[in-house]
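J.: First, the structure itself, so that you have it in front of you.
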Number of protein chains: 2
Amino acid sequence: MPRVGLTRDTLVSAAADLADEIGFDHLTLAVLAERFGVRDASLYTHVRGLTDLLESVALLAHDEWADTLGRAVAGRSGHAALTAFADAYRAFATGNPGRYAATRYPVSPERLAASTGVTRIIEACYALLRGYDLVEPDATDAVRLLRSTFHGFSDLEAVGGFTADRDLDASWQRAVNALHHTLTNWSQI
Amino acid sequence: MPRVGLTRDTLVSAAADLADEIGFDHLTLAVLAERFGVRDASLYTHVRGLTDLLESVALLAHDEWADTLGRAVAGRSGHAALTAFADAYRAFATGNPGRYAATRYPVSPERLAASTGVTRIIEACYALLRGYDLVEPDATDAVRLLRSTFHGFSDLEAVGGFTADRDLDASWQRAVNALHHTLTNWSQI
DNA sequence: GAAAAAACCTAGGGCTATTAGGAATGTTAT
DNA sequence: ATAACATTCCTAATAGCCCTAGGTTTTTTC
């Protein structure tokens, strides 16, 4: 029989897609192997184990996410940058549930330090703040507030935590506008 | 040999404590059984299976959380109620990581509907808004904003998402004050 | 085309969840 | 008190997953 031609990248990429389909915590070596018509033991030539695979998916997700967020804020500032960032953030979370969940997988500090994804996301967050001119430590406080709100909303939405009979998009816009208001009036807080 | 005298409640309570110690996703029937010096198969007389146990822990966590949040807002209003709620929220998350993680376990809709925990949490959230006098749909938007910020911050903190060299408590206070500012100036948003 | 490297396989061990059925311990009724 | 019953906990066994060890086969390299 011919050889499938697996690669580490092929596996990680397919695993990320699989996570989006069946959920990150249902991602298993067995089901990934099955997708390629291969035995699970065969994956160990390309991947050190399940942990390695999951960490790799997490890092991939970070990178892809950083890309879209970076594109969102590029060339924009102030309110426009904020809404673009916010919408890109939420769109990634809802459109790629598996990757988004992977984002919270505990990657080893070494691998995390070797990757640029996370820092690029936070940098994009700082970048969008430039229009509001805040100085440290206010900028860090503001970044943490933004990330908390965006992440909290996206996560609660993903878990089905919002049940009230009210349009979610409207609530989201309100939240983003509230953040804009906060950032423009930061000195009064 | 004498009998251990297990109960469904004993198991669920011990499982919650265990989750706080070793992490919710390391909670397993085997380790729970071991804690009682019992075989894992013996747990099935009290619990339908792993899913049942995890769901029960989630519901317990919801209830306990609702209790503390309810106590926090009782007798307070406005800024005092907000900070009390916020601090109780974060304290629960950081002090009970296993229970907090359990909170996001997907409980079946039927069991969720039969429990009062989640609704009591949201009610406490609405209650603290009374001091800011908002009417629907603004109140729902505001509740969603509050929950998003609190949950996002707590979750990012739990995952180790905040790495900047800046006191976390200070950032938290800032976030809470920002929310207070938003709620008092809601009409301008 | 032979040697070396790499991809993939089979076999098997360990851990977990789960089911089936048996033994031991409480409890209730007479 | 003792017989009948109910319940707790057990052993045994299956299945699925992660993972290791070592063998075969394909591909590459010279």
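Please note that chains go A, B, ... in the order of the structure tokens, that every chain numbers its residues from 1, and that ligands are numbered from 1 in the order shown.
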Give me, as an NGL selection string, all polymer residues having an atom no more than 12 Å from D:DC5, counting only C-alpha atoms (C1' of nucleotides) and skipping those fewer than 5 positions away in the same chain.
T.: :C and (26-29)
J.: Pull out every residue of chain D sitting within 9 Å of chain B, counting only C-alpha atoms (C1' of nucleotides), and send them as a JSON list (two decimals) with all heavy atoms, in the first residue's frame.
T.:
[["chain", "number", "residue", "atom", "x", "y", "z"],
["D", 8, "DT", "P", -27.05, 1.71, 49.06],
["D", 8, "DT", "OP1", -27.15, 3.09, 49.55],
["D", 8, "DT", "OP2", -27.31, 1.39, 47.65],
["D", 8, "DT", "O5'", -25.61, 1.14, 49.46],
["D", 8, "DT", "C5'", -25.29, 1.00, 50.83],
["D", 8, "DT", "C4'", -24.05, 0.14, 50.98],
["D", 8, "DT", "O4'", -24.33, -1.22, 50.57],
["D", 8, "DT", "C3'", -22.85, 0.61, 50.14],
["D", 8, "DT", "O3'", -21.70, 0.64, 50.97],
["D", 8, "DT", "C2'", -22.76, -0.43, 49.04],
["D", 8, "DT", "C1'", -23.29, -1.67, 49.74],
["D", 8, "DT", "N1", -23.86, -2.70, 48.84],
["D", 8, "DT", "C2", -23.42, -4.01, 48.95],
["D", 8, "DT", "O2", -22.58, -4.35, 49.76],
["D", 8, "DT", "N3", -24.03, -4.89, 48.08],
["D", 8, "DT", "C4", -24.98, -4.60, 47.14],
["D", 8, "DT", "O4", -25.46, -5.48, 46.42],
["D", 8, "DT", "C5", -25.41, -3.22, 47.07],
["D", 8, "DT", "C7", -26.44, -2.80, 46.08],
["D", 8, "DT", "C6", -24.82, -2.35, 47.91],
["D", 9, "DC", "P", -20.41, 1.53, 50.54],
["D", 9, "DC", "OP1", -19.71, 1.97, 51.75],
["D", 9, "DC", "OP2", -20.88, 2.49, 49.55],
["D", 9, "DC", "O5'", -19.50, 0.45, 49.81],
["D", 9, "DC", "C5'", -18.90, -0.58, 50.59],
["D", 9, "DC", "C4'", -18.57, -1.76, 49.71],
["D", 9, "DC", "O4'", -19.76, -2.21, 49.03],
["D", 9, "DC", "C3'", -17.56, -1.50, 48.60],
["D", 9, "DC", "O3'", -16.28, -1.98, 48.99],
["D", 9, "DC", "C2'", -18.13, -2.26, 47.40],
["D", 9, "DC", "C1'", -19.31, -3.02, 47.98],
["D", 9, "DC", "N1", -20.40, -3.24, 46.99],
["D", 9, "DC", "C2", -20.68, -4.54, 46.57],
["D", 9, "DC", "O2", -20.03, -5.48, 47.03],
["D", 9, "DC", "N3", -21.66, -4.74, 45.66],
["D", 9, "DC", "C4", -22.35, -3.70, 45.18],
["D", 9, "DC", "N4", -23.31, -3.96, 44.28],
["D", 9, "DC", "C5", -22.09, -2.36, 45.60],
["D", 9, "DC", "C6", -21.11, -2.18, 46.49],
["D", 10, "DC", "P", -15.08, -2.03, 47.89],
["D", 10, "DC", "OP1", -13.80, -1.91, 48.63],
["D", 10, "DC", "OP2", -15.38, -1.05, 46.83],
["D", 10, "DC", "O5'", -15.17, -3.49, 47.27],
["D", 10, "DC", "C5'", -15.06, -4.62, 48.13],
["D", 10, "DC", "C4'", -15.25, -5.89, 47.32],
["D", 10, "DC", "O4'", -16.60, -5.92, 46.81],
["D", 10, "DC", "C3'", -14.35, -5.99, 46.10],
["D", 10, "DC", "O3'", -13.26, -6.84, 46.38],
["D", 10, "DC", "C2'", -15.22, -6.58, 45.01],
["D", 10, "DC", "C1'", -16.63, -6.53, 45.54],
["D", 10, "DC", "N1", -17.55, -5.72, 44.69],
["D", 10, "DC", "C2", -18.35, -6.38, 43.75],
["D", 10, "DC", "O2", -18.25, -7.61, 43.63],
["D", 10, "DC", "N3", -19.20, -5.65, 42.98],
["D", 10, "DC", "C4", -19.28, -4.34, 43.14],
["D", 10, "DC", "N4", -20.13, -3.67, 42.38],
["D", 10, "DC", "C5", -18.48, -3.65, 44.11],
["D", 10, "DC", "C6", -17.63, -4.37, 44.84]]
J.: What's the 10 Å shell around B:Glu21, counting only C-alpha atoms (C1' of nucleotides), without same-chain residues fewer than 6 positions away, as a list in words?
T.: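 Listed by chain and then number, they are Ala15, Leu27, Asn96, Pro97, Gly98 and Arg99 of chain B.
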J.: Just write the chosen residues, C-alpha atoms, as an mmCIF file, in the first residue's frame.
T.:
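The file below, out14.cif, is the result:
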data_model
loop_
_atom_site.group_PDB
_atom_site.id
_atom_site.type_symbol
_atom_site.label_atom_id
_atom_site.label_comp_id
_atom_site.auth_asym_id
_atom_site.auth_seq_id
_atom_site.Cartn_x
_atom_site.Cartn_y
_atom_site.Cartn_z
ATOM 1 C CA ALA B 15 -15.358 15.360 44.140
ATOM 2 C CA LEU B 27 -11.088 14.548 38.296
ATOM 3 C CA ASN B 96 -12.021 27.382 44.203
ATOM 4 C CA PRO B 97 -10.406 26.742 40.841
ATOM 5 C CA GLY B 98 -11.916 23.296 40.463
ATOM 6 C CA ARG B 99 -15.423 24.423 41.253
#
J.: List as a list of chain:residue names the protein and nucleic acid residues near D:DC30, meaning an atom at most 10 Å away when only C-alpha atoms (C1' of nucleotides) are counted, but skip any in the same chain fewer than 3 places from it.
T.: C:DA2, C:DA3, C:DA4
J.: Mind dumping the selected residues with N, CA and C atoms (P, O5', C5', C4', C3', O3' and C1' of nucleotides) as a PDB file, in the first residue's frame?
T.:
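Contents of result08.pdb, as written:
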ATOM      1  P    DA C   2      21.451  -4.988  -5.814  1.00  0.00           P
ATOM      2  O5'  DA C   2      22.205  -4.381  -4.543  1.00  0.00           O
ATOM      3  C5'  DA C   2      23.550  -3.935  -4.688  1.00  0.00           C
ATOM      4  C4'  DA C   2      23.895  -2.965  -3.569  1.00  0.00           C
ATOM      5  C3'  DA C   2      23.436  -3.398  -2.172  1.00  0.00           C
ATOM      6  O3'  DA C   2      24.438  -3.063  -1.233  1.00  0.00           O
ATOM      7  C1'  DA C   2      22.436  -1.310  -2.710  1.00  0.00           C
ATOM      8  P    DA C   3      24.363  -3.535   0.249  1.00  0.00           P
ATOM      9  O5'  DA C   3      24.233  -2.151   1.038  1.00  0.00           O
ATOM     10  C5'  DA C   3      25.114  -1.081   0.687  1.00  0.00           C
ATOM     11  C4'  DA C   3      24.672   0.196   1.378  1.00  0.00           C
ATOM     12  C3'  DA C   3      24.276   0.028   2.844  1.00  0.00           C
ATOM     13  O3'  DA C   3      24.829   1.101   3.588  1.00  0.00           O
ATOM     14  C1'  DA C   3      22.478   0.993   1.619  1.00  0.00           C
ATOM     15  P    DA C   4      24.675   1.191   5.169  1.00  0.00           P
ATOM     16  O5'  DA C   4      23.661   2.404   5.333  1.00  0.00           O
ATOM     17  C5'  DA C   4      23.868   3.596   4.563  1.00  0.00           C
ATOM     18  C4'  DA C   4      22.692   4.541   4.732  1.00  0.00           C
ATOM     19  C3'  DA C   4      22.159   4.652   6.164  1.00  0.00           C
ATOM     20  O3'  DA C   4      21.999   6.019   6.454  1.00  0.00           O
ATOM     21  C1'  DA C   4      20.397   4.121   4.676  1.00  0.00           C
TER      22       DA C   4
END
J.: For atom CA of A:Glu136 and atom CA of A:Ile189, determine how far apart the two atoms are, in Å to one decimal place.
T.: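 Atom CA of A:Glu136 sits 14.9 Å away from atom CA of A:Ile189.
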J.: Residues of chain C were defined as contacting chain A if any atom lay at most 8 Å from it, counting only C-alpha atoms (C1' of nucleotides); please report them as a JSON list (two decimals) with N, CA and C atoms (P, O5', C5', C4', C3', O3' and C1' of nucleotides), in the first residue's frame.
T.:
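iface-v8.json, freshly written:
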[["chain", "number", "residue", "atom", "x", "y", "z"],
["C", 7, "DA", "P", 9.30, 10.34, 8.21],
["C", 7, "DA", "O5'", 8.41, 9.11, 7.72],
["C", 7, "DA", "C5'", 8.11, 8.97, 6.32],
["C", 7, "DA", "C4'", 7.11, 7.85, 6.11],
["C", 7, "DA", "C3'", 5.86, 7.95, 6.99],
["C", 7, "DA", "O3'", 4.75, 7.47, 6.24],
["C", 7, "DA", "C1'", 7.00, 5.94, 7.44],
["C", 8, "DC", "P", 3.25, 7.78, 6.76],
["C", 8, "DC", "O5'", 2.84, 6.38, 7.39],
["C", 8, "DC", "C5'", 2.66, 5.27, 6.53],
["C", 8, "DC", "C4'", 2.80, 3.99, 7.31],
["C", 8, "DC", "C3'", 1.78, 3.80, 8.44],
["C", 8, "DC", "O3'", 0.72, 2.96, 7.99],
["C", 8, "DC", "C1'", 3.97, 2.91, 8.93],
["C", 9, "DC", "P", -0.35, 2.36, 9.14],
["C", 9, "DC", "O5'", 0.32, 0.98, 9.59],
["C", 9, "DC", "C5'", 0.66, 0.01, 8.61],
["C", 9, "DC", "C4'", 1.17, -1.26, 9.31],
["C", 9, "DC", "C3'", 0.27, -1.70, 10.45],
["C", 9, "DC", "O3'", -0.31, -2.96, 10.18],
["C", 9, "DC", "C1'", 2.57, -1.53, 11.16]]
J.: When distances are computed from only C-alpha atoms, which of B:Ser115, B:Thr7, B:Ser171, B:Thr51 shows the smallest separation from B:Ser154?
T.: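 Checking each of B:Ser115, B:Thr7, B:Ser171, B:Thr51 against B:Ser154, counting only C-alpha atoms, the winner is B:Ser171.
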J.: Pick out the chain B residues within 7 Å of chain A. Count only C-alpha atoms. Give them as number ranges by chain.
T.: B: 104, 141, 145, 148-149, 151-153, 159, 171, 174-175, 177-178, 181-182, 189
J.: Please write the residues from the selection above to a file, keeping N, CA, C and O atoms, as a CSV table (one decimal), in the first residue's frame.
T.:
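again_24.csv, freshly written:
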chain,number,residue,atom,x,y,z
B,104,ARG,N,-18.2,25.7,34.0
B,104,ARG,CA,-18.3,25.7,32.6
B,104,ARG,C,-18.5,24.4,32.0
B,104,ARG,O,-18.4,24.2,30.8
B,141,ASP,N,-28.3,44.1,28.7
B,141,ASP,CA,-27.0,44.4,28.1
B,141,ASP,C,-25.9,44.6,29.2
B,141,ASP,O,-24.8,44.2,29.1
B,145,LEU,N,-22.6,42.6,30.1
B,145,LEU,CA,-21.2,43.3,30.2
B,145,LEU,C,-20.5,42.9,31.5
B,145,LEU,O,-19.3,42.6,31.5
B,148,SER,N,-19.4,39.3,31.5
B,148,SER,CA,-18.3,39.1,30.6
B,148,SER,C,-17.0,39.6,31.2
B,148,SER,O,-16.0,38.9,31.2
B,149,THR,N,-17.0,40.8,31.8
B,149,THR,CA,-15.8,41.3,32.4
B,149,THR,C,-15.3,40.5,33.5
B,149,THR,O,-14.1,40.1,33.6
B,151,HIS,N,-16.1,37.4,34.4
B,151,HIS,CA,-15.7,36.0,34.0
B,151,HIS,C,-14.4,36.1,33.2
B,151,HIS,O,-13.5,35.3,33.4
B,152,GLY,N,-14.3,37.0,32.2
B,152,GLY,CA,-13.1,37.1,31.4
B,152,GLY,C,-11.8,37.3,32.2
B,152,GLY,O,-10.8,36.6,32.1
B,153,PHE,N,-11.9,38.2,33.2
B,153,PHE,CA,-10.8,38.5,34.0
B,153,PHE,C,-10.4,37.3,34.9
B,153,PHE,O,-9.2,36.9,34.9
B,159,VAL,N,-5.9,31.0,34.0
B,159,VAL,CA,-5.1,30.3,32.9
B,159,VAL,C,-3.7,30.9,32.9
B,159,VAL,O,-2.8,30.4,32.2
B,171,SER,N,-5.3,46.2,38.7
B,171,SER,CA,-6.0,46.2,37.4
B,171,SER,C,-7.5,45.8,37.6
B,171,SER,O,-8.4,46.3,37.0
B,174,ARG,N,-9.4,48.7,38.9
B,174,ARG,CA,-9.6,49.6,37.8
B,174,ARG,C,-10.8,49.1,36.9
B,174,ARG,O,-11.7,49.9,36.5
B,175,ALA,N,-10.8,47.8,36.7
B,175,ALA,CA,-11.9,47.3,35.8
B,175,ALA,C,-13.2,47.5,36.5
B,175,ALA,O,-14.2,47.9,35.8
B,177,ASN,N,-14.0,49.7,38.7
B,177,ASN,CA,-14.4,51.2,38.7
B,177,ASN,C,-14.8,51.6,37.3
B,177,ASN,O,-15.7,52.4,37.2
B,178,ALA,N,-14.2,51.0,36.3
B,178,ALA,CA,-14.6,51.4,34.9
B,178,ALA,C,-16.1,50.9,34.7
B,178,ALA,O,-16.8,51.7,34.1
B,181,HIS,N,-18.3,53.3,36.4
B,181,HIS,CA,-18.4,54.5,35.5
B,181,HIS,C,-19.4,54.3,34.4
B,181,HIS,O,-20.2,55.2,34.0
B,182,THR,N,-19.2,53.2,33.7
B,182,THR,CA,-20.1,52.8,32.6
B,182,THR,C,-21.6,52.8,33.0
B,182,THR,O,-22.4,53.3,32.3
B,189,ILE,N,-23.8,56.2,26.4
B,189,ILE,CA,-23.2,55.1,25.5
B,189,ILE,C,-24.1,54.8,24.3
B,189,ILE,O,-23.8,55.1,23.2
J.: Please measure the separation of atom C1' of D:DT27 and atom CA of A:Val47, giving the value in Å to one decimal.
T.: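 Separation of atom C1' of D:DT27 and atom CA of A:Val47: 20.2 Å.
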J.: Taking the chain letters and numbering used in this document, name the residues of stretch 136-180 of chain A that DSSP puts in helix (DSSP H, G or I), as an MDAnalysis selection string.
T.: chainID A and resid 138:159 168:180
J.: Could you take the residues named above and write them with C-alpha atoms, as a PDB file, in the first residue's frame?
T.:
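As a result, again.pdb now contains:
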ATOM      1  CA  ASP A 138      -3.052  52.681  32.714  1.00  0.00           C
ATOM      2  CA  ALA A 139      -2.373  51.110  29.349  1.00  0.00           C
ATOM      3  CA  THR A 140      -1.859  47.692  30.916  1.00  0.00           C
ATOM      4  CA  ASP A 141      -4.984  48.075  32.999  1.00  0.00           C
ATOM      5  CA  ALA A 142      -6.900  49.012  29.857  1.00  0.00           C
ATOM      6  CA  VAL A 143      -5.515  46.081  27.878  1.00  0.00           C
ATOM      7  CA  ARG A 144      -6.532  43.738  30.659  1.00  0.00           C
ATOM      8  CA  LEU A 145      -9.997  45.241  30.729  1.00  0.00           C
ATOM      9  CA  LEU A 146     -10.403  44.868  26.982  1.00  0.00           C
ATOM     10  CA  ARG A 147      -9.159  41.305  26.924  1.00  0.00           C
ATOM     11  CA  SER A 148     -11.336  40.375  29.884  1.00  0.00           C
ATOM     12  CA  THR A 149     -14.471  41.741  28.324  1.00  0.00           C
ATOM     13  CA  PHE A 150     -13.855  40.242  24.912  1.00  0.00           C
ATOM     14  CA  HIS A 151     -12.812  36.893  26.263  1.00  0.00           C
ATOM     15  CA  GLY A 152     -15.569  36.751  28.845  1.00  0.00           C
ATOM     16  CA  PHE A 153     -18.279  37.543  26.363  1.00  0.00           C
ATOM     17  CA  SER A 154     -16.966  35.132  23.738  1.00  0.00           C
ATOM     18  CA  ASP A 155     -16.519  32.367  26.243  1.00  0.00           C
ATOM     19  CA  LEU A 156     -19.903  32.769  27.851  1.00  0.00           C
ATOM     20  CA  GLU A 157     -21.426  32.832  24.395  1.00  0.00           C
ATOM     21  CA  ALA A 158     -19.576  29.658  23.441  1.00  0.00           C
ATOM     22  CA  VAL A 159     -20.736  27.875  26.595  1.00  0.00           C
ATOM     23  CA  LEU A 168     -26.561  38.990  21.311  1.00  0.00           C
ATOM     24  CA  ASP A 169     -25.081  41.189  18.603  1.00  0.00           C
ATOM     25  CA  ALA A 170     -26.792  44.198  20.136  1.00  0.00           C
ATOM     26  CA  SER A 171     -25.403  43.410  23.569  1.00  0.00           C
ATOM     27  CA  TRP A 172     -21.979  42.967  22.021  1.00  0.00           C
ATOM     28  CA  GLN A 173     -22.129  46.364  20.316  1.00  0.00           C
ATOM     29  CA  ARG A 174     -23.182  47.893  23.584  1.00  0.00           C
ATOM     30  CA  ALA A 175     -20.258  46.312  25.370  1.00  0.00           C
ATOM     31  CA  VAL A 176     -17.814  47.564  22.751  1.00  0.00           C
ATOM     32  CA  ASN A 177     -19.287  51.050  22.910  1.00  0.00           C
ATOM     33  CA  ALA A 178     -19.058  50.979  26.678  1.00  0.00           C
ATOM     34  CA  LEU A 179     -15.381  50.130  26.392  1.00  0.00           C
ATOM     35  CA  HIS A 180     -14.902  52.988  23.957  1.00  0.00           C
TER      36      HIS A 180
END
J.: Return the single residue from C:DG1, C:DA11, C:DA17, C:DA6 that is closest to D:DT25, with distances computed using only C-alpha atoms (C1' of nucleotides).
T.: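 Of C:DG1, C:DA11, C:DA17, C:DA6, the one nearest D:DT25, counting only C-alpha atoms (C1' of nucleotides), is C:DA6.
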